[in-house]
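Novice: My structure file data32.cif, mmCIF, C-alpha atoms, is below:
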```
data_data
loop_
_atom_site.label_atom_id
_atom_site.label_comp_id
_atom_site.auth_asym_id
_atom_site.auth_seq_id
_atom_site.Cartn_x
_atom_site.Cartn_y
_atom_site.Cartn_z
CA MET A 1 -216.37 33.19 213.69
CA THR A 2 -218.13 35.52 211.28
CA ALA A 3 -216.49 37.03 208.25
CA THR A 4 -216.68 40.53 209.78
CA ALA A 5 -214.91 39.40 212.94
CA LEU A 6 -212.27 37.66 210.85
CA VAL A 7 -211.61 40.84 208.86
CA LYS A 8 -211.32 42.91 212.08
CA GLN A 9 -208.94 40.35 213.56
CA GLN A 10 -206.75 40.50 210.45
CA ALA A 11 -206.85 44.29 210.15
CA GLY A 12 -206.12 44.95 213.83
CA PRO A 13 -202.38 44.29 213.87
CA ARG A 14 -201.87 46.27 210.66
CA ALA A 15 -203.72 49.25 212.09
CA ALA A 16 -201.59 49.19 215.17
CA GLY A 17 -198.37 49.01 213.14
CA PRO A 18 -197.59 52.78 212.62
CA ALA A 19 -197.65 53.56 216.33
CA PRO A 20 -194.30 51.86 217.11
CA GLU A 21 -192.79 53.57 214.04
CA ARG A 22 -193.89 56.98 215.32
CA ARG A 23 -192.50 56.19 218.75
CA GLY A 24 -189.21 55.16 217.14
CA ARG A 25 -189.01 58.41 215.17
CA ARG A 26 -189.72 60.41 218.33
CA ARG A 27 -186.91 58.60 220.14
CA THR A 28 -184.37 59.21 217.34
CA ARG A 29 -185.33 62.89 216.80
CA PRO A 30 -183.40 64.19 219.86
CA ILE A 31 -180.32 62.28 218.67
CA ALA A 32 -180.62 63.82 215.20
CA LEU A 33 -181.04 67.29 216.69
CA LEU A 34 -177.99 66.69 218.86
CA PHE A 35 -175.87 65.98 215.79
CA VAL A 36 -177.33 68.92 213.85
CA PHE A 37 -176.99 71.39 216.74
CA PRO A 38 -173.28 72.27 216.21
CA ALA A 39 -173.93 73.02 212.54
CA LEU A 40 -176.99 75.12 213.43
CA LEU A 41 -174.97 76.96 216.06
CA LEU A 42 -172.22 77.80 213.58
CA LEU A 43 -174.76 78.78 210.94
CA GLY A 44 -176.47 81.11 213.37
CA ALA A 45 -173.23 82.64 214.64
CA LEU A 46 -171.56 83.07 211.24
CA VAL A 47 -174.52 83.77 208.95
CA VAL A 48 -177.82 84.58 210.66
CA TYR A 49 -176.48 86.89 213.38
CA PRO A 50 -174.22 88.96 211.04
CA VAL A 51 -177.10 89.38 208.59
CA LEU A 52 -179.51 90.56 211.28
CA PHE A 53 -176.86 92.80 212.85
CA SER A 54 -176.06 94.39 209.47
CA VAL A 55 -179.73 95.03 208.77
CA GLY A 56 -180.13 96.73 212.16
CA ARG A 57 -176.84 98.65 211.84
CA SER A 58 -177.91 100.05 208.48
CA PHE A 59 -180.53 102.18 210.28
CA PHE A 60 -177.96 104.01 212.43
CA ASP A 61 -175.43 106.73 211.70
CA ALA A 62 -171.67 106.32 211.24
CA SER A 63 -171.02 106.22 215.00
CA GLY A 64 -173.81 103.69 215.58
CA THR A 65 -175.44 105.76 218.34
CA ARG A 66 -178.15 107.72 216.51
CA PHE A 67 -181.08 106.13 214.68
CA VAL A 68 -181.41 107.64 211.18
CA GLY A 69 -184.03 105.37 209.64
CA GLY A 70 -183.69 105.05 205.87
CA HIS A 71 -181.15 107.88 205.53
CA ASN A 72 -178.31 105.49 204.68
CA TYR A 73 -180.36 103.87 201.94
CA ALA A 74 -181.25 107.26 200.47
CA GLU A 75 -177.62 108.41 200.71
CA MET A 76 -176.51 105.23 199.01
CA PHE A 77 -178.35 106.16 195.83
CA ARG A 78 -177.18 109.79 195.96
CA ASP A 79 -173.46 108.97 196.32
CA PRO A 80 -171.70 109.10 192.88
CA ALA A 81 -169.18 106.43 193.95
CA THR A 82 -171.98 104.05 194.95
CA LEU A 83 -173.84 104.67 191.70
CA LYS A 84 -170.64 103.89 189.80
CA ALA A 85 -170.27 100.69 191.84
CA ILE A 86 -173.84 99.69 190.94
CA ARG A 87 -173.12 100.41 187.26
CA ASN A 88 -169.92 98.35 187.33
CA THR A 89 -171.65 95.49 189.14
CA THR A 90 -174.33 95.51 186.45
CA ILE A 91 -171.63 95.29 183.76
CA TRP A 92 -170.06 92.36 185.60
CA VAL A 93 -173.40 90.53 185.95
CA VAL A 94 -174.34 91.03 182.30
CA VAL A 95 -170.94 90.31 180.72
CA ALA A 96 -168.91 87.88 182.82
CA PRO A 97 -171.41 85.00 183.37
CA ALA A 98 -172.55 85.10 179.74
CA LEU A 99 -168.97 85.01 178.43
CA LEU A 100 -167.95 82.28 180.85
CA THR A 101 -170.96 80.10 180.04
CA GLY A 102 -170.38 80.54 176.30
CA LEU A 103 -166.64 79.84 176.56
CA GLY A 104 -167.26 76.86 178.81
CA LEU A 105 -169.80 75.41 176.37
CA ILE A 106 -167.54 75.87 173.34
CA LEU A 107 -164.49 74.42 175.08
CA ALA A 108 -166.47 71.49 176.53
CA VAL A 109 -167.71 70.55 173.05
CA LEU A 110 -164.29 70.98 171.45
CA VAL A 111 -162.43 69.08 174.18
CA GLU A 112 -164.50 65.99 173.39
CA LYS A 113 -162.78 65.89 170.00
CA VAL A 114 -159.24 66.34 171.38
CA ARG A 115 -157.05 63.29 171.88
CA TRP A 116 -155.53 64.52 175.14
CA ALA A 117 -158.84 65.76 176.56
CA THR A 118 -157.99 65.07 180.21
CA ALA A 119 -154.69 66.96 180.04
CA PHE A 120 -156.40 69.86 178.29
CA LYS A 121 -159.13 70.02 180.95
CA LEU A 122 -156.52 69.92 183.70
CA LEU A 123 -154.60 72.76 182.06
CA LEU A 124 -157.71 74.96 181.85
CA PHE A 125 -158.86 74.07 185.35
CA MET A 126 -155.49 74.83 186.99
CA PRO A 127 -156.22 78.59 187.49
CA MET A 128 -158.98 77.55 189.91
CA ALA A 129 -156.21 76.35 192.23
CA VAL A 130 -154.68 79.83 192.29
CA SER A 131 -156.01 82.17 194.97
CA PHE A 132 -157.64 85.40 193.86
CA LEU A 133 -154.89 87.30 195.64
CA ALA A 134 -152.16 85.57 193.62
CA ALA A 135 -154.16 85.88 190.40
CA GLY A 136 -154.64 89.59 191.04
CA ILE A 137 -150.91 90.12 191.50
CA ILE A 138 -150.18 88.13 188.32
CA PHE A 139 -152.54 90.21 186.22
CA ARG A 140 -151.48 93.48 187.87
CA LEU A 141 -147.99 92.74 186.53
CA ALA A 142 -149.28 91.50 183.17
CA TYR A 143 -151.29 94.71 182.67
CA ASP A 144 -148.40 97.01 183.65
CA GLU A 145 -148.13 99.92 181.21
CA ASP A 146 -144.32 99.71 181.09
CA PRO A 147 -143.47 97.30 178.20
CA ASP A 148 -140.38 96.20 180.13
CA LYS A 149 -142.65 94.85 182.91
CA GLY A 150 -146.10 94.17 181.43
CA VAL A 151 -146.18 91.16 179.13
CA LEU A 152 -149.33 92.35 177.31
CA ASN A 153 -147.89 95.75 176.47
CA ALA A 154 -144.59 94.14 175.49
CA ALA A 155 -146.50 92.09 172.88
CA VAL A 156 -148.56 95.08 171.72
CA VAL A 157 -145.47 97.29 171.37
CA SER A 158 -143.62 94.58 169.45
CA VAL A 159 -146.46 94.22 166.95
CA HIS A 160 -146.87 97.99 166.62
CA ASP A 161 -143.17 98.61 166.03
CA ALA A 162 -143.02 95.77 163.49
CA PHE A 163 -145.62 97.51 161.30
CA GLU A 164 -145.31 101.19 162.18
CA GLY A 165 -141.66 101.47 163.17
CA THR A 166 -140.34 103.74 165.90
CA SER A 167 -138.30 106.92 166.07
CA THR A 168 -134.53 106.54 166.49
CA TYR A 169 -133.93 109.67 168.56
CA PRO A 170 -136.93 110.31 170.85
CA THR A 171 -134.98 112.66 173.15
CA ALA A 172 -133.08 114.63 170.50
CA ARG A 173 -133.63 118.38 170.02
CA GLY A 174 -132.13 121.01 167.77
CA ARG A 175 -129.35 123.30 168.92
CA THR A 176 -131.04 126.48 170.20
CA GLY A 177 -130.36 129.52 168.02
CA LEU A 178 -129.26 127.44 165.03
CA LEU A 179 -132.42 125.47 164.29
CA THR A 180 -136.03 126.65 164.60
CA GLN A 181 -138.59 124.39 166.25
CA ASP A 182 -142.13 124.32 164.84
CA ARG A 183 -145.31 123.68 166.84
CA ASP A 184 -145.50 120.07 165.68
CA GLY A 185 -142.06 119.33 167.15
CA SER A 186 -140.10 119.40 163.87
CA TYR A 187 -136.93 121.44 163.31
CA ARG A 188 -135.99 123.54 160.27
CA THR A 189 -133.47 125.88 158.72
CA THR A 190 -133.15 127.62 155.35
CA ALA A 191 -130.71 126.91 152.50
CA SER A 192 -130.57 127.34 148.73
CA ALA A 193 -130.02 124.74 146.04
CA GLY A 194 -126.29 124.20 145.49
CA GLU A 195 -125.42 124.83 149.15
CA SER A 196 -124.36 122.58 152.01
CA VAL A 197 -126.00 122.84 155.41
CA ALA A 198 -125.22 121.48 158.87
CA LEU A 199 -128.04 120.55 161.26
CA PRO A 200 -126.68 120.32 164.84
CA MET A 201 -128.64 118.23 167.36
CA VAL A 202 -128.25 117.73 171.10
CA GLY A 203 -129.93 115.61 173.78
CA VAL A 204 -129.26 112.23 172.16
CA LEU A 205 -128.85 109.54 174.82
CA PRO A 206 -125.73 107.36 174.49
CA GLY A 207 -127.94 104.27 174.18
CA ASP A 208 -129.89 105.82 171.27
CA LEU A 209 -126.77 106.42 169.15
CA PRO A 210 -126.58 103.54 166.61
CA GLY A 211 -123.52 101.35 166.70
CA ASP A 212 -122.71 102.07 163.03
CA ALA A 213 -122.65 105.86 163.52
CA ALA A 214 -119.55 107.37 161.88
CA PRO A 215 -117.76 110.71 162.45
CA ALA A 216 -119.55 113.61 160.78
CA ARG A 217 -116.35 115.46 159.80
CA THR A 218 -116.05 113.94 156.32
CA ALA A 219 -119.73 114.56 155.52
CA ALA A 220 -119.42 118.24 156.42
CA ALA A 221 -116.61 118.67 153.92
CA ARG A 222 -118.67 117.56 150.92
CA LYS A 223 -119.83 120.28 148.52
CA ALA A 224 -123.21 120.38 146.85
CA ALA A 225 -123.62 120.48 143.08
CA ALA A 226 -126.12 122.59 141.20
CA GLY A 227 -129.69 121.42 141.65
CA GLU A 228 -129.04 119.65 144.94
CA LEU A 229 -128.75 120.26 148.63
CA ARG A 230 -126.15 118.45 150.69
CA GLY A 231 -125.76 118.49 154.40
CA VAL A 232 -125.11 116.61 157.61
CA VAL A 233 -127.18 115.93 160.72
CA TYR A 234 -124.82 115.44 163.62
CA LEU A 235 -124.61 115.31 167.39
CA ASP A 236 -123.20 118.71 168.38
CA PHE A 237 -121.39 117.33 171.41
CA THR A 238 -117.72 116.45 171.84
CA PRO A 239 -117.05 113.61 174.32
CA GLY A 240 -114.75 114.81 177.06
CA GLY A 241 -115.53 118.47 176.46
CA GLY A 242 -114.18 121.05 174.06
CA GLY A 243 -115.40 121.77 170.55
CA GLU A 244 -117.37 124.68 169.18
CA GLN A 245 -121.16 124.89 169.11
CA GLY A 246 -122.66 124.84 165.63
CA LYS A 247 -119.44 123.57 164.06
CA VAL A 248 -118.67 119.95 163.14
CA ASP A 249 -115.69 119.00 165.26
CA ALA A 250 -113.38 116.04 164.78
CA LYS A 251 -114.87 113.84 167.49
CA GLU A 252 -118.54 114.57 166.81
CA SER A 253 -120.71 111.79 165.40
CA GLY A 254 -123.23 111.82 162.60
CA LEU A 255 -126.81 110.74 163.27
CA PRO A 256 -127.77 108.00 160.79
CA GLY A 257 -131.39 107.20 159.91
CA MET A 258 -132.72 110.75 160.20
CA LYS A 259 -135.40 111.73 157.72
CA VAL A 260 -134.74 115.09 155.98
CA GLU A 261 -137.17 117.01 153.75
CA ALA A 262 -136.81 119.92 151.36
CA VAL A 263 -139.93 122.08 151.55
CA ARG A 264 -140.94 124.88 149.18
CA ASP A 265 -144.22 126.81 149.11
CA GLY A 266 -145.58 124.50 151.81
CA LYS A 267 -144.95 121.33 149.75
CA THR A 268 -142.31 118.65 150.31
CA VAL A 269 -140.35 118.40 147.05
CA ALA A 270 -137.56 116.01 148.10
CA THR A 271 -136.78 113.62 150.94
CA ALA A 272 -133.72 111.69 152.04
CA SER A 273 -132.39 109.67 154.98
CA THR A 274 -129.03 110.31 156.54
CA ALA A 275 -126.17 107.86 156.09
CA ALA A 276 -123.93 106.44 158.82
CA ASP A 277 -121.96 109.70 159.01
CA GLY A 278 -125.17 111.78 159.11
CA SER A 279 -124.81 113.01 155.51
CA PHE A 280 -127.81 113.48 153.19
CA ARG A 281 -128.38 114.59 149.61
CA LEU A 282 -131.57 116.19 148.25
CA SER A 283 -131.45 116.23 144.46
CA GLY A 284 -133.62 117.40 141.58
CA LEU A 285 -134.14 120.86 143.03
CA ARG A 286 -134.68 124.06 141.12
CA ALA A 287 -132.68 127.14 141.97
CA GLY A 288 -133.82 129.17 144.94
CA PRO A 289 -134.25 128.90 148.72
CA TYR A 290 -135.70 125.87 150.46
CA THR A 291 -136.70 124.98 153.99
CA VAL A 292 -134.62 122.04 155.14
CA LYS A 293 -136.78 120.21 157.66
CA LEU A 294 -136.31 117.40 160.17
CA PRO A 295 -139.89 116.06 160.60
CA GLN A 296 -141.39 115.36 164.01
CA SER A 297 -141.41 111.61 163.25
CA ASN A 298 -137.66 111.61 163.94
CA PHE A 299 -138.32 112.59 167.57
CA ALA A 300 -141.62 110.90 168.36
CA PRO A 301 -141.62 109.21 171.77
CA PRO A 302 -141.68 105.41 171.62
CA TYR A 303 -145.07 103.71 171.56
CA GLN A 304 -145.87 102.61 175.11
CA GLY A 305 -148.79 100.31 174.37
CA VAL A 306 -152.30 100.29 175.82
CA SER A 307 -153.28 101.72 179.19
CA TRP A 308 -155.00 98.52 180.33
CA LEU A 309 -155.55 99.84 183.85
CA GLY A 310 -156.70 103.30 182.80
CA PRO A 311 -160.22 104.54 183.63
CA ALA A 312 -161.66 103.33 180.31
CA LEU A 313 -160.32 99.74 180.28
CA VAL A 314 -159.82 98.82 183.93
CA THR A 315 -163.17 97.02 184.33
CA PRO A 316 -162.84 94.95 181.09
CA ALA A 317 -159.25 94.14 182.09
CA ILE A 318 -160.34 92.79 185.49
CA ILE A 319 -163.17 90.82 183.87
CA GLY A 320 -160.50 89.27 181.62
CA ALA A 321 -158.61 88.09 184.70
CA TYR A 322 -161.85 86.67 186.12
CA LEU A 323 -162.46 84.76 182.87
CA TRP A 324 -158.97 83.24 183.10
CA ILE A 325 -159.77 81.84 186.54
CA TRP A 326 -163.33 80.58 186.03
CA THR A 327 -163.38 79.32 182.42
CA GLY A 328 -162.09 75.90 183.52
CA PHE A 329 -164.84 75.65 186.14
CA ALA A 330 -167.58 76.33 183.57
CA MET A 331 -165.98 73.94 181.07
CA VAL A 332 -165.78 71.05 183.55
CA LEU A 333 -169.39 71.42 184.73
CA ILE A 334 -170.75 71.70 181.21
CA GLY A 335 -168.51 68.83 180.10
CA ALA A 336 -170.04 66.66 182.85
CA GLY A 337 -173.50 67.48 181.52
CA LEU A 338 -172.34 66.83 177.98
CA SER A 339 -171.17 63.32 178.90
CA THR A 340 -174.73 62.40 180.00
CA LEU A 341 -176.38 63.33 176.70
CA PRO A 342 -178.06 60.44 174.86
CA ARG A 343 -175.62 59.48 172.12
CA ASP A 344 -178.32 57.76 170.10
CA ALA A 345 -180.02 61.14 169.50
CA LEU A 346 -176.77 62.62 168.20
CA GLU A 347 -176.06 59.63 165.98
CA ALA A 348 -179.62 59.67 164.65
CA ALA A 349 -179.22 63.34 163.71
CA ARG A 350 -175.98 62.57 161.88
CA MET A 351 -177.62 59.72 160.00
CA ASP A 352 -180.41 62.09 158.97
CA GLY A 353 -177.81 64.38 157.37
CA ALA A 354 -177.44 67.07 160.04
CA ASN A 355 -174.04 68.78 160.15
CA GLU A 356 -172.13 69.46 163.38
CA TRP A 357 -173.36 73.04 163.68
CA GLN A 358 -177.00 71.96 163.37
CA ILE A 359 -176.45 69.20 165.94
CA PHE A 360 -174.82 71.68 168.31
CA ARG A 361 -177.51 74.35 167.91
CA ARG A 362 -180.65 72.19 167.81
CA ILE A 363 -179.77 69.17 169.94
CA THR A 364 -176.75 69.75 172.17
CA VAL A 365 -177.65 73.22 173.46
CA PRO A 366 -181.37 72.46 174.18
CA LEU A 367 -180.46 69.25 176.02
CA LEU A 368 -177.79 71.10 178.02
CA ALA A 369 -180.14 73.97 178.94
CA PRO A 370 -180.58 72.87 182.60
CA VAL A 371 -176.81 72.57 183.12
CA LEU A 372 -176.16 75.89 181.35
CA THR A 373 -178.74 77.58 183.58
CA VAL A 374 -177.16 76.24 186.77
CA VAL A 375 -173.69 77.32 185.63
CA PHE A 376 -174.94 80.78 184.64
CA VAL A 377 -176.81 81.41 187.89
CA THR A 378 -173.87 80.13 189.98
CA LEU A 379 -171.54 82.51 188.15
CA VAL A 380 -173.98 85.40 188.66
CA ILE A 381 -173.85 84.80 192.42
CA ASN A 382 -170.04 84.65 192.36
CA VAL A 383 -169.75 87.77 190.23
CA MET A 384 -171.86 89.81 192.64
CA LYS A 385 -169.43 88.95 195.43
CA VAL A 386 -166.21 89.67 193.51
CA PHE A 387 -163.83 91.70 195.65
CA ASP A 388 -160.22 90.45 195.58
CA LEU A 389 -159.49 90.98 191.90
CA VAL A 390 -160.96 94.48 191.80
CA TYR A 391 -159.15 95.59 194.94
CA ILE A 392 -155.75 94.17 193.90
CA ILE A 393 -155.62 94.82 190.15
CA ALA A 394 -157.06 98.34 190.01
CA PRO A 395 -154.41 100.98 190.89
CA GLY A 396 -155.26 103.60 193.49
CA PRO A 397 -156.04 106.46 191.05
CA VAL A 398 -158.61 104.34 189.17
CA GLN A 399 -159.93 102.35 192.13
CA GLU A 400 -163.18 104.33 192.04
CA ASP A 401 -163.60 103.69 188.29
CA ALA A 402 -163.35 99.92 188.84
CA THR A 403 -165.21 99.62 192.15
CA VAL A 404 -168.11 97.19 192.54
CA LEU A 405 -170.59 96.84 195.39
CA ALA A 406 -168.37 94.52 197.45
CA THR A 407 -165.32 96.79 197.25
CA GLN A 408 -167.43 99.90 197.82
CA MET A 409 -168.93 98.32 200.93
CA TRP A 410 -165.42 97.62 202.28
CA LEU A 411 -164.08 101.06 201.35
CA VAL A 412 -167.02 102.86 202.97
CA SER A 413 -166.88 100.75 206.13
CA PHE A 414 -163.16 100.13 206.72
CA GLY A 415 -161.08 101.54 203.87
CA GLY A 416 -161.08 105.14 205.02
CA GLY A 417 -164.80 105.99 205.02
CA ASN A 418 -165.43 104.69 208.56
CA ASP A 419 -169.18 104.87 207.97
CA GLN A 420 -170.39 101.43 208.93
CA GLY A 421 -174.00 102.53 208.75
CA LEU A 422 -173.72 103.24 205.03
CA GLY A 423 -171.51 100.16 204.61
CA SER A 424 -174.19 97.99 206.24
CA ALA A 425 -176.79 99.43 203.89
CA LEU A 426 -174.57 98.46 200.95
CA GLY A 427 -174.22 94.97 202.43
CA VAL A 428 -178.01 94.66 202.69
CA LEU A 429 -178.37 95.80 199.07
CA LEU A 430 -175.84 93.18 197.97
CA LEU A 431 -177.72 90.52 199.95
CA LEU A 432 -181.02 91.48 198.32
CA LEU A 433 -179.42 91.19 194.89
CA VAL A 434 -177.90 87.76 195.61
CA VAL A 435 -180.94 86.17 197.30
CA PRO A 436 -183.14 85.87 194.13
CA ALA A 437 -180.38 84.04 192.28
CA MET A 438 -179.85 81.70 195.24
CA VAL A 439 -183.58 80.99 195.52
CA PHE A 440 -183.76 80.28 191.80
CA ASN A 441 -180.84 77.84 192.08
CA VAL A 442 -182.38 76.02 195.07
CA ARG A 443 -185.77 75.68 193.38
CA ARG A 444 -184.19 74.36 190.22
CA PHE A 445 -182.18 71.86 192.24
CA ARG A 446 -185.33 70.59 194.00
CA ARG A 447 -187.17 70.38 190.68
CA SER A 448 -184.38 68.29 189.20
CA GLN A 449 -184.49 65.96 192.23
CA ARG A 450 -188.17 65.30 191.68
#
```
What does this structure look like when you write it as structure tokens?
Specialist:
Amino acid sequence: MTATALVKQQAGPRAAGPAPERRGRRRTRPIALLFVFPALLLLGALVVYPVLFSVGRSFFDASGTRFVGGHNYAEMFRDPATLKAIRNTTIWVVVAPALLTGLGLILAVLVEKVRWATAFKLLLFMPMAVSFLAAGIIFRLAYDEDPDKGVLNAAVVSVHDAFEGTSTYPTARGRTGLLTQDRDGSYRTTASAGESVALPMVGVLPGDLPGDAAPARTAAARKAAAGELRGVVYLDFTPGGGGEQGKVDAKESGLPGMKVEAVRDGKTVATASTAADGSFRLSGLRAGPYTVKLPQSNFAPPYQGVSWLGPALVTPAIIGAYLWIWTGFAMVLIGAGLSTLPRDALEAARMDGANEWQIFRRITVPLLAPVLTVVFVTLVINVMKVFDLVYIIAPGPVQEDATVLATQMWLVSFGGGNDQGLGSALGVLLLLLVVPAMVFNVRRFRRSQR
């Protein structure tokens, strides 16, 4: 046998080898398709068909019977509410993912240095177990403007009152005809040095009357000396009825803690605060008439805190709720990437004299760049779809100020607008905005697999 024939004899079986493999793959392909078919059926019914139907529906009018072409898309960019939704969505996309990625990175790095790291991670990740509906209700209550209900305003009011104080008699007003009210809300009367004056007030709520308030009768009997003004600020109301208006009766109470000023030629020359029986004494006065004034600060309404859900702050407030939910997610993902970093590079940097900030900025962050990108893009996709928090937290009057594309799509289609043509156009716009981020994520995932 020649060498050529020997080579052909040896090569023959190897050349014929792939044919059985191809036949085997062809036999197993129908089985694979059979297993995949239910998933493809569900994908088509729940994803592909709704997308195609929405695209087609966006070219018809509100009733769905008349073809209008691109009218809905043109109307979408003329509608002020839709433009506001696009603006708010842009704010969400720019602010929320960046803040979450930054917070997640900082917390992931810091948690590594905490003794009870697992417990801390669990604590931060727990909000992910709370539904958006429940989280929205929690933050709707937390942002309530009434300090008796909203925990945030309760804290803000407590801090404000600790430094600024608060008025004792917010509902009090001067007795009409006896005291003159100025434009700023203060009350005044006229008296001369060496005289005594009574300042009758009404409208004081029983709960606002201090517990140490004493009867005003004794204070009204005191006489002023030369160079001073004496007087009493009292509640001109006798419990149970009776008494005379403008006169201090036996059962009428003084109003302690009132600020009183003596004003002359437009300048305050003396001030005093009333005692428990409402009495006050302004001394060091020259002879002549003075304006005895109760400043507006005595009657200022109590500080009610911040209007978290007002038109100006409603979007940042809802973003804050979103951060509370998703910070743990970002921290855990970034922490997983952090655990895979080569420790020898970090130790080498420390041995070369680099401090922790330099290691973080020049080694940790560059090495974590792929993980940070995936987290950021994933959060961008989630932010574009946010609906629950905006719909639940924002009160009705400011719903339009907080609306994003997802809520606007629902409101236009089902929430009273009943224009499913325009709503479908908004859905298509939202899809077009989400698709690039999804494609970027898929490509990056394939690149990392290679």
Novice: Any chance you could work out the residue set of the PyMOL selection byres ((chain A and resi 120) around 12) here, as a ChimeraX atom specification?
Specialist: /A:107-108,110-119,121-126,328,331-332
Novice: Point out the residue among A:Ala135, A:Ile325, A:Leu282, A:Leu199 with the least atom-to-atom distance to Ala270 in chain A, counting only C-alpha atoms.
Specialist: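 Once distances to Ala270 in chain A are computed over only C-alpha atoms, the minimum belongs to A:Leu282.
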Novice: Name the residues that the PyMOL selection byres ((chain A and resi 285) around 7) picks from the file above, as a compact mmCIF listing (two decimals) with C-alpha atoms, keeping the file's coordinate frame, using the file's chain letters and numbers.
Specialist:
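Contents of the output file out_17.txt:
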```
# COMPACT_ATOMS: atom_id res chain seq x y z
CA ALA A 193 -130.02 124.74 146.04
CA GLY A 227 -129.69 121.42 141.65
CA GLU A 228 -129.04 119.65 144.94
CA SER A 283 -131.45 116.23 144.46
CA GLY A 284 -133.62 117.40 141.58
CA ARG A 286 -134.68 124.06 141.12
CA ALA A 287 -132.68 127.14 141.97
```
Novice: Which is closest to Arg140 in chain A among A:Arg447, A:Trp308, A:Gly416, A:Leu346, if we use only C-alpha atoms?
Specialist: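 The shortest atom-to-atom distance to Arg140 in chain A comes from A:Trp308.
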Novice: Between A:Tyr73, A:Trp410, A:Phe37, A:Phe139, which is the closest to Ala321 in chain A once you count all atoms listed in the file?
Specialist: A:Phe139
Novice: Considering all atoms listed in the file, state which residue in the set A:Pro289, A:Gly305, A:Pro295, A:Gly136 is at the smallest distance from Val390 in chain A.
Specialist: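 Between A:Pro289, A:Gly305, A:Pro295, A:Gly136, the residue approaching Val390 in chain A most closely is A:Gly136.
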Novice: Reconstruct all heavy atoms of range 105-109 of chain A from the incomplete input and present them as a PDB file, in the frame of the given file.
Specialist:
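Output (selection_9.pdb):
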```
ATOM      1  N   LEU A 105    -169.067  76.283 177.290  1.00  0.00           N
ATOM      2  CA  LEU A 105    -169.800  75.410 176.370  1.00  0.00           C
ATOM      3  C   LEU A 105    -168.954  75.079 175.141  1.00  0.00           C
ATOM      4  O   LEU A 105    -168.844  73.915 174.736  1.00  0.00           O
ATOM      5  CB  LEU A 105    -171.105  76.091 175.960  1.00  0.00           C
ATOM      6  CG  LEU A 105    -171.942  75.377 174.892  1.00  0.00           C
ATOM      7  CD1 LEU A 105    -172.377  74.002 175.386  1.00  0.00           C
ATOM      8  CD2 LEU A 105    -173.158  76.222 174.511  1.00  0.00           C
ATOM      9  N   ILE A 106    -168.348  76.105 174.544  1.00  0.00           N
ATOM     10  CA  ILE A 106    -167.540  75.870 173.340  1.00  0.00           C
ATOM     11  C   ILE A 106    -166.354  74.965 173.648  1.00  0.00           C
ATOM     12  O   ILE A 106    -166.067  74.005 172.906  1.00  0.00           O
ATOM     13  CB  ILE A 106    -167.064  77.220 172.759  1.00  0.00           C
ATOM     14  CG1 ILE A 106    -168.263  78.015 172.241  1.00  0.00           C
ATOM     15  CG2 ILE A 106    -166.051  77.009 171.647  1.00  0.00           C
ATOM     16  CD1 ILE A 106    -167.935  79.441 171.868  1.00  0.00           C
ATOM     17  N   LEU A 107    -165.653  75.237 174.743  1.00  0.00           N
ATOM     18  CA  LEU A 107    -164.490  74.420 175.080  1.00  0.00           C
ATOM     19  C   LEU A 107    -164.896  73.002 175.450  1.00  0.00           C
ATOM     20  O   LEU A 107    -164.192  72.043 175.102  1.00  0.00           O
ATOM     21  CB  LEU A 107    -163.730  75.067 176.244  1.00  0.00           C
ATOM     22  CG  LEU A 107    -163.004  76.372 175.911  1.00  0.00           C
ATOM     23  CD1 LEU A 107    -162.447  77.013 177.180  1.00  0.00           C
ATOM     24  CD2 LEU A 107    -161.877  76.107 174.921  1.00  0.00           C
ATOM     25  N   ALA A 108    -166.019  72.841 176.159  1.00  0.00           N
ATOM     26  CA  ALA A 108    -166.470  71.490 176.530  1.00  0.00           C
ATOM     27  C   ALA A 108    -166.777  70.655 175.287  1.00  0.00           C
ATOM     28  O   ALA A 108    -166.463  69.464 175.229  1.00  0.00           O
ATOM     29  CB  ALA A 108    -167.697  71.581 177.428  1.00  0.00           C
ATOM     30  N   VAL A 109    -167.398  71.273 174.286  1.00  0.00           N
ATOM     31  CA  VAL A 109    -167.710  70.550 173.050  1.00  0.00           C
ATOM     32  C   VAL A 109    -166.432  70.234 172.272  1.00  0.00           C
ATOM     33  O   VAL A 109    -166.264  69.126 171.744  1.00  0.00           O
ATOM     34  CB  VAL A 109    -168.684  71.389 172.185  1.00  0.00           C
ATOM     35  CG1 VAL A 109    -168.871  70.742 170.812  1.00  0.00           C
ATOM     36  CG2 VAL A 109    -170.026  71.523 172.884  1.00  0.00           C
TER      37      VAL A 109
END
```
